[in-house]
Amino acid sequence: MNFLDLIWLIPLFPLAGAVLMLLIGKLLDPQPPSDVAVAPGVEQSEAGPRPANHAHHHPGPLQNLIRIICPGMVLVSFIFSAGAVWQLSHLPNRLHQVIQFTWIAAMPFHMANGHLATFQVDWGFLLDPLSSVMILVVTGVGFLIHVYATGYMAHDNGFYRFFGYFNLFIFFMLMLVLANNYTLLFVGWEGVGLCSYLLIGFYFHKKSAADAGKKAFIVNRVGDAGFVLGMLLMLSVLGTVRFTDVNSALRSGQFPVEAGYGVLTAMALLMFFGATGKSAQVPLYIWLPDAMEGPTPVSALIHAATMVTAGVYMVARSSALFQLTPVACMWVAGIGAFTAIFAATIALVQNDIKRVLAYSTVSQLGYMFVALGVGAYWVAIFHLFTHAFFKALLFLGSGSVIHAMSGEQDMRYMGALKKKIPVTHWTMWVGSVAIAGIPGLAGFFSKDEILWQAFSSPKGSTVLWLVGLVTAAMTAFYMWRLMNMTFYGQSRVKPEVAAHVHESPAVMTWPLIALAAGSVLAGWLGVPKLWSMFGEGFRAFPRWLEPMFALAGTESEHPASTEWSLMILSVAVAAGGISLAYYLYSKRPEIPERMLERARPLHTVLYKKWYVDELYDFLFVNGLGKGGGSAMAEFDRKIVDGSVNGAGWLTRASATLSMWWDTWIVDGAVRFTSFSVKLLSYPACLLESGRVQTYALFVVVGVLAFLGYYVAR
Amino acid sequence: MHPVTTVHYLALSAALLLIGTIGVLTRRNIVIILMSIELILNAVNINLIAFSHAWHNVGGQVFAIFVITDAVAEAAVGLGILIALFRNKETVQADEIDLLKW
């Protein structure tokens, strides 16, 4: 089977599943009548972390069909993806494009330099090393999360709806990563945003969930505006949006003069702004923590493993563009580093288990952008790849904890769960070790490579490295704070919950185990160059991706001893963070209490997330939104309405004048004429008496007058 | 004994015409006015016949007959109008009938 020519089929399997679910899913999974009674938007009185109708719904027998179809569709996609990637690796140029049809027909337009170009967009798919990594992550991790969700969502209303959206998301995500041009990528980009919105607001009768969905959608729109502008700018100076054409134009330097340095920088920065929206970077990261209102599998799949990495993918895809503009690269690295340390500080003090992970995700995405900014594109994708495993694992693990705790998400009411839910504990332990950066697990390899590149690459600097190192320490600390508060120490579980703490069913634990295995093994595809005792096979990932980016001059001039010492330093820092968290939260839980008392203002600032939400509320929602709204209303009332009213008044005044003119001048003239005629005719009227004899008299007088005239003559 | 000459006829005719004209102009009763018109017409007839006789031309007499016929028709129409008028206005006084003015 020639999988390479069938890559267009890969997104269609999940689409089929989604269409099936959304059209007839309700028949397979009938809803209890109570669900209908809950009107959307009505906030339930018991505003628990999960809605109250949870666990009241008993699945129908046909629900099992959904359990098979939806993950099955993703599995089929995964098989096709794996086949295609396998065949791709045998191609000499490792690039395969399938153009199915012309989606937007050729349309001539003038480029910025006045040349005529045709705007044409294909419905085409591109498989190269970059997109092959992405489709394997999306379908592979996506499949595991689908399987997990069949267990996690079993008692929820709208089971079919959840899986319909989930499959639809996979479809759009695959469109995003397989598209062969920016416009088609944008279709997927918007589609995953839609699914994100639908799934964050899955418990739509909870106001906070509905609000979070709206927030995510609106904040993403802001970034999307940047992306669209960047795309249009690209079209107007390069005349094409197809990746291969754009890249070859940029690499060869054959682009028109108009595409000067400033224009390219603007283009790159606009695209990067789009990426900050989708990938939750400063200043547009604020939606991601709120997105945790969605069900936990959604957080794992969309808000950790796949969708939020779309920005990273897009920047890596535009590497040829970013390579040309050091300014844009500097911004990418700077924003990434700032986001990484900023989100990590917030994660240090959060109490909601999912919120810690959400900020951790923002922070890790920051790492990826640091790597992109310093030109280490394959490292960013590598971190994306390993992060997909361990962050999905951590989210699913937290979901399993929440499942065990009957919906409790606050870590202050957990503790000592290790014995009660051992599988969850051990898999999460693996995930935490992986993200903390302990050698041998996935996170170490990718994070250490990022730190090394931030230090050694020509675009890197010591500051970037230092920020990354501090963030790594914080990452280790907050992850082990989470582990300690959840699994170790004293139990603070509420008694009514403690009675039925239970391990999750096998359908949920097996994906955890698989992801844990991935978290251990994924990193071994890209061991540091220094570890030359391992064969070339252990550097498969860089060897697979690096030719794509065709970078020159990233070879380090630093001695091996520097790299070794930096590596040891980062491991030491991670170990330090872990042991500090262990000491503070397991051995001496009273110390954090006391520290909290001492540094309450700092804690409050961190706990309130640096008041960024409040600032944005003040600046944009109330300031620009409402203030601007009232200013606009004032403008409307005073200027727009005023001019309309003024025009009306002017018309009326001129009409009055015109009426006066008509009445007195025009009509006056007419009436004066008639009056004077009447006046002049009055004497004649006197002759007209109407009496026939008078007339006869006139005749006689006339005759006599004539007669008299003749006689007298 | 003076013979009756054309001048006498003409004088009679002129007298009749004068009487008729004064009647038309001064009397108010429409019946009388119609009768006065008959006088005027007869004055004309006498005039026509006097000249016919004087000049031995029979055309004048023929004309007189025409005028008599015409007078009959005129009297019939005039009386008809008068009756119609009386039915509407209940009067035959010419000075009370002055609708046709400005």
# chains A, B, ... in the order shown; residues from 1 in each chain; ligands from 1
call {"tool": "interface_residues", "arguments": {"of": "chain A", "to": "chain B", "cutoff": "9 Å", "atoms": "only C-alpha atoms", "output": "list in words"}}
result
Cys685, Leu686, Leu687, Glu688, Ser689, Gly690, Arg691, Val692, Gln693, Thr694, Ala696, Leu697 and Val700 of chain A
call {"tool": "closest_residue", "arguments": {"among": "B:Val7, B:Leu12, B:Leu18, B:Ile40", "to": "Ala71 (chain B)", "atoms": "only C-alpha atoms"}}
result
B:Ile40
call {"tool": "closest_residue", "arguments": {"among": "B:Met35, B:Gln93, B:Ala64, B:Asp70", "to": "Ala50 (chain B)", "atoms": "only C-alpha atoms"}}
result
B:Ala64
call {"tool": "atom_distance", "arguments": {"atom1": "CA of Ser236 (chain A)", "atom2": "CA of Gly260 (chain A)"}}
result
12.6 Å
call {"tool": "residues_around", "arguments": {"residues": "Met271 (chain A)", "least_positions_apart": "4", "cutoff": "8 Å", "atoms": "only C-alpha atoms", "output": "list in words"}}
result
Gly226, Phe227, Val228, Leu229, Gly230, Met231, Met267, Ala275 and Val315 of chain A
